Structures are given as C-alpha cells and as structure tokens.
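Undergrad: Pasting a structure here, questions to come.
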Amino acid sequence: MQSTPRSNRLHIAIFGRRNAGKSSLINALTNQDIALVSDVPGTTTDPVYKAMEILPVGPVVIIDTAGIDDTGELGELRVQRTRQVLAKSDLAIVVADATRGIGEYERSIVAEIRERGLPVIGVANKMDLVGQAATHQGTIQGTIQERAELDLWGRELGISFVPVSSRTGEGIGALKERIIEEAPKDWEGPPIIGDLVAPGDTVVLVVPVDIEAPKGRLILPQVQTLRDLLDHDARAIVVKENVVRAAIENLKACPALVVTDSQAFGIVSEQVPSNIPLTSFSILFARHKGDLATLVEGARHVARLEPGSRILIAEACTHHPIGDDIGRVKIPTWLERKVGGKLNFSWAAGMGFPDDLASFDLVVHCGGCMINRKEMLHRIARVRAAGVPVVNYGVLIAYLHGILERALEPFVAAGVPGAPRHR
C-alpha cells in the first residue's frame, strides 16, 4: 500500500488553529510518530503529505496544514497555502482544541469547505485536558465543560464533532469510522478503461520506449491502464509502436481496442485497421482524471488561434526536459504548424498554476497522472471560469493529427455518459 501513487489515494486534509493538535492527531491516526509535534505554535509551516492506509477505504494521503490563525506576513502566506490544499482535498477534518472552544477561524474554514462541496468532519481534540482545566481554573470562557456541549458546536458550524484525545488514543477508532462513513464513494472517478471493454477482450497497448521513458519501467498511466484491464478480466498485449500491425495480424481475433501513447498517434493509426477502435492513454485519463467533453471542446478552439496567440502549457510533474520534450518542443511545433505562424508560449510545472489565466487564449494541460482527480477538475474549473478553453496533451495531439473523432469512438460506442459526439 505504501507504493500506491499519491494521485491514486483519497486525500484527507486536516485544518485547525495553531496548537489545536493537528500533527498529534495524524500520529494517533497512523499509530506512528510521522508528524513533528511541539508546544511551539506554528511548528507546521507548509502542507505536509503523509501516506497511510485506513481500511476499508484503502490507501489515503493525510495532509497536515499550517494553523489557520497564523499571523504576520509569513503567516498569511502559510494560511494561503493551507487554503489552497482544499483544491485537492476529497475530505476535510477541522480540528478544534477542546480547552479553547470554537470561534471565527473555525467558522470561516468550515464555510469555505462547505462552499466547495467537500464532506467535513469536526474533531474536538485534547478531551483528556478538559476536566483538568476546569478543576484547576474553574469556569473558563470557551472551554467545554461537558461533552454534550459538542452538540452546540455542531449546530453552530453545521457539522458534528468527534471527541478525541491524540495523547491517550481515546476516540481515534470512532474518528476512523467517521472517515469511512464520510469518504466520498466516487472520489476516484470513472474507470480508466474497464467499462470500454468486456471480460475476455484483448486490448493492444502501444508503449514507445524513448529517451524520456524511465529506464527499466513503464510510465504511470501505462501501468495503471494495464492494472485496470486486469481488474476487469481483460487481456492485454504490450508492444512498441513499430510492431503494431504484426501484433494485430498474429491475433486469432481482432482486438477490442488499441491504446497508444499519444505521441505515436500518427504511426500507430496507419497500422490499425479502421474497423478496430483506437484511442490513447492520455484520452483515457482525460476522462478518468478530468472532464473529457470540456477538453475536446478546448481542442476544437485551436482552429480559432492566430499567430501571436498566448498559450499556457501546464504540467503537474517537474520532470527534466530531454531532447524533443512533448510539452516544450513537440506540441509547440505542431501547434505553430497548424496555426501557420509563431505563438507566444508560457510554461507552468509542478504544483504551480498561474493566477492570470484570462490572459491566455488556450491552456494545454498534461494528462495529470501525478495529481488527483479533485485537483485536475479544480484546474479545469479555474480555466473555464477565466473564459479560456482548455485541452490536455492526448486530446490535442489527436486533433492535430486529424484523428480525434476516431479516438473518441470507443467512448461513444460504449455509451459513456457525456461522451463527445462527432461534429
């Protein structure tokens, strides 16, 4: 489970004020000392990602964030980064210190979580200190005197609170049960390929081995597609782009589908007979990770580009560009050839995504294999809100090679809801 990619894990973000016990709560959930704990406020300065497993949910990523009440110039930047975590979160946990009560900070973050439509769980931490505080200091304003008062917190914020003590482990089991109950069932999105084929079908996977392919390994989308085929009891044949025709001819029956790396669309389409469905890994992931119909619409906007148009090419990973890099060489070359003139390109890599999206005429995004579905959909929504068309690598490459409609046929034939139709 520890080797499951982060992008394939349910993302659980933990929010709260400084010293509310967020990091100690993570340690209690994982039963390990994996988060730094200190009495000094502001120990966690940037979002920290912790991989673990919560059965029966499975592999998850727990995101430890800086305090939502951080102060000063640096503190404001930390709070900003904390709120940005919401874009990739599938489930939120708001932690309150049971000895301090709730206030404007909790109300504000819960309201923002609700606005984004995320399920949210409240946690009243440090319950073991509540009786001690009341004994030594008498009645303390904002302190919980009885657990029944959690209901008042819940009514005020519109959520229910789970009482826990990260120090003693009290309530951690109940919190895990709530996580299982509240985890969205559809967070993974549609299958990668399983609903496009039937059990027993044979699928040919075309995997070029070029300078950017990891030595001794396949790239993540190829591995995940292969696993999804096995999960759906289909058979897979993996070949390089120069032997596709021979592989098909050697089969006793036609394959149900051929899936190629999008960069090899041209050479592969010439080898695959028109009666055999053809698509790409990147188009599969356009649906699995994002919004296929929106990305197809973005490809069709390429016809409206003119020389000088501004293009943003965004990649979720930070790989080192080598040779004819797809995002920095091949796609710009193909786009300028299509438009018939020079275009103005900008690039964004990793977690960074520009704020000035409205200044672009088109956003071209990678397949998104390194980010989760939630963040990919958030990025697409941001681009659409800016009034800019957006497309991903595979959809764009199929369009530029004149075979987009053919590459979409497997989705139409399978009756996929929202599958883009011919134009």
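Each chain of the structure tokens is named A, B, ... in the order shown, its residues numbered from 1; ligands are numbered from 1 in display order.
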Which neighbours of Phe345 of chain A fall inside 10 Å, counting only C-alpha atoms, when residues of the same chain fewer than 4 positions from it are skipped, and could you give them as a list of chain:residue names?
TA: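 Skipping anything fewer than 4 positions along the chain leaves A:Gly308, A:Ser309, A:Arg310, A:Ile311, A:Leu312, A:Ile313, A:Arg328, A:Pro332, A:Phe360, A:Leu362, A:Val363.
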Undergrad: Mind the document's chain letters and residue numbers, and return as number ranges by chain the residues of segment 154-271 of chain A that DSSP labels helix (DSSP H, G or I).
TA: A: 154-157, 172-182, 194-196, 220-231, 241-249, 262-269
Undergrad: Take the residues that were just selected and, keeping C-alpha atoms, output them as a PDB file, in the first residue's frame.
TA:
ATOM      1  CA  GLY A 154     -22.038  21.147  15.775  1.00  0.00           C
ATOM      2  CA  ARG A 155     -25.232  23.175  15.455  1.00  0.00           C
ATOM      3  CA  GLU A 156     -23.275  26.403  15.137  1.00  0.00           C
ATOM      4  CA  LEU A 157     -20.990  25.102  12.368  1.00  0.00           C
ATOM      5  CA  ILE A 172      -9.405   7.612  17.400  1.00  0.00           C
ATOM      6  CA  GLY A 173     -11.319   4.451  16.491  1.00  0.00           C
ATOM      7  CA  ALA A 174     -14.567   6.433  16.286  1.00  0.00           C
ATOM      8  CA  LEU A 175     -12.856   9.022  14.088  1.00  0.00           C
ATOM      9  CA  LYS A 176     -11.657   6.334  11.669  1.00  0.00           C
ATOM     10  CA  GLU A 177     -15.231   5.049  11.458  1.00  0.00           C
ATOM     11  CA  ARG A 178     -16.456   8.548  10.620  1.00  0.00           C
ATOM     12  CA  ILE A 179     -13.785   8.881   7.918  1.00  0.00           C
ATOM     13  CA  ILE A 180     -15.024   5.619   6.384  1.00  0.00           C
ATOM     14  CA  GLU A 181     -18.634   6.877   6.520  1.00  0.00           C
ATOM     15  CA  GLU A 182     -17.925  10.329   5.091  1.00  0.00           C
ATOM     16  CA  GLY A 194     -12.620  -1.182 -17.715  1.00  0.00           C
ATOM     17  CA  ASP A 195     -16.046  -0.005 -18.872  1.00  0.00           C
ATOM     18  CA  LEU A 196     -14.886   0.243 -22.506  1.00  0.00           C
ATOM     19  CA  LEU A 220       2.462   5.568 -14.615  1.00  0.00           C
ATOM     20  CA  PRO A 221      -0.572   5.884 -16.976  1.00  0.00           C
ATOM     21  CA  GLN A 222       0.546   2.771 -18.865  1.00  0.00           C
ATOM     22  CA  VAL A 223       0.912   0.742 -15.676  1.00  0.00           C
ATOM     23  CA  GLN A 224      -2.436   1.919 -14.304  1.00  0.00           C
ATOM     24  CA  THR A 225      -4.227   1.146 -17.575  1.00  0.00           C
ATOM     25  CA  LEU A 226      -2.740  -2.350 -17.598  1.00  0.00           C
ATOM     26  CA  ARG A 227      -3.847  -2.913 -13.997  1.00  0.00           C
ATOM     27  CA  ASP A 228      -7.382  -1.686 -14.761  1.00  0.00           C
ATOM     28  CA  LEU A 229      -7.640  -4.157 -17.655  1.00  0.00           C
ATOM     29  CA  LEU A 230      -6.596  -6.994 -15.340  1.00  0.00           C
ATOM     30  CA  ASP A 231      -9.092  -5.844 -12.707  1.00  0.00           C
ATOM     31  CA  GLU A 241       4.911   1.366 -31.932  1.00  0.00           C
ATOM     32  CA  ASN A 242       6.856  -0.267 -34.767  1.00  0.00           C
ATOM     33  CA  VAL A 243       5.198  -3.718 -34.495  1.00  0.00           C
ATOM     34  CA  VAL A 244       1.525  -2.857 -34.000  1.00  0.00           C
ATOM     35  CA  ARG A 245       0.387  -4.239 -37.363  1.00  0.00           C
ATOM     36  CA  ALA A 246       2.236  -7.525 -36.808  1.00  0.00           C
ATOM     37  CA  ALA A 247       0.781  -7.889 -33.328  1.00  0.00           C
ATOM     38  CA  ILE A 248      -2.769  -7.433 -34.630  1.00  0.00           C
ATOM     39  CA  GLU A 249      -2.251  -9.860 -37.520  1.00  0.00           C
ATOM     40  CA  SER A 262      -0.430   9.961 -27.829  1.00  0.00           C
ATOM     41  CA  GLN A 263       2.956  10.913 -29.278  1.00  0.00           C
ATOM     42  CA  ALA A 264       2.766   7.827 -31.516  1.00  0.00           C
ATOM     43  CA  PHE A 265      -0.764   8.533 -32.772  1.00  0.00           C
ATOM     44  CA  GLY A 266       0.406   9.153 -36.339  1.00  0.00           C
ATOM     45  CA  ILE A 267       2.432   5.981 -36.887  1.00  0.00           C
ATOM     46  CA  VAL A 268       0.032   3.783 -34.919  1.00  0.00           C
ATOM     47  CA  SER A 269      -3.150   4.954 -36.668  1.00  0.00           C
TER      48      SER A 269
END
Undergrad: Which is closest to Gln80 of chain A among A:Leu295, A:Ile54, A:Ile68, A:Ala92, if we use only C-alpha atoms?
TA: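 Smallest distance to Gln80 of chain A is found for A:Ile68.
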Undergrad: Need the shell around segment 93-110 of chain A: protein/DNA/RNA residues with any atom at most 6 Å away, counting only C-alpha atoms. Skip same-chain ones fewer than 5 positions apart. Format as a list in words?
TA: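 The residues that qualify are Ile14, Phe15, Gly16, Ala20, Val120, Ile121, Gly122, Val123, Ala124, Asn125, Lys126, Met127, Val130, Gly142 and Thr143 of chain A.
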Undergrad: Include C-alpha atoms and write out the residues we just selected as a tab-separated table (two decimals), in the first residue's frame.
TA:
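Okay, again02.tsv is ready:
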chain	number	residue	atom	x	y	z
A	14	ILE	CA	-6.65	18.45	8.34
A	15	PHE	CA	-7.31	22.08	9.27
A	16	GLY	CA	-7.28	23.94	12.58
A	20	ALA	CA	-5.00	22.51	18.10
A	120	VAL	CA	-16.25	17.65	6.51
A	121	ILE	CA	-15.72	16.08	9.94
A	122	GLY	CA	-15.27	18.05	13.16
A	123	VAL	CA	-12.78	16.84	15.78
A	124	ALA	CA	-12.66	18.10	19.37
A	125	ASN	CA	-9.08	17.28	20.37
A	126	LYS	CA	-7.42	17.26	23.81
A	127	MET	CA	-10.54	15.94	25.52
A	130	VAL	CA	-10.98	19.33	29.62
A	142	GLY	CA	-14.92	28.99	25.62
A	143	THR	CA	-13.93	25.74	27.40
Undergrad: Residues of segment 111-342 of chain A in strand (DSSP E) according to DSSP, as a VMD selection string?
TA: chain A and resid 120 to 125 161 to 163 202 to 206 235 to 239 257 to 260 278 to 280 310 to 315
Undergrad: Leaving out Ala381 of chain A and any residue of its chain fewer than 6 positions from it, which residues lie within 10 Å of it when counting only C-alpha atoms, given as a list of chain:residue names?
TA: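 Final neighbour list, sorted by chain and number: A:Gly290, A:Asp291, A:Thr294, A:Glu375, A:Gly387, A:Val390.
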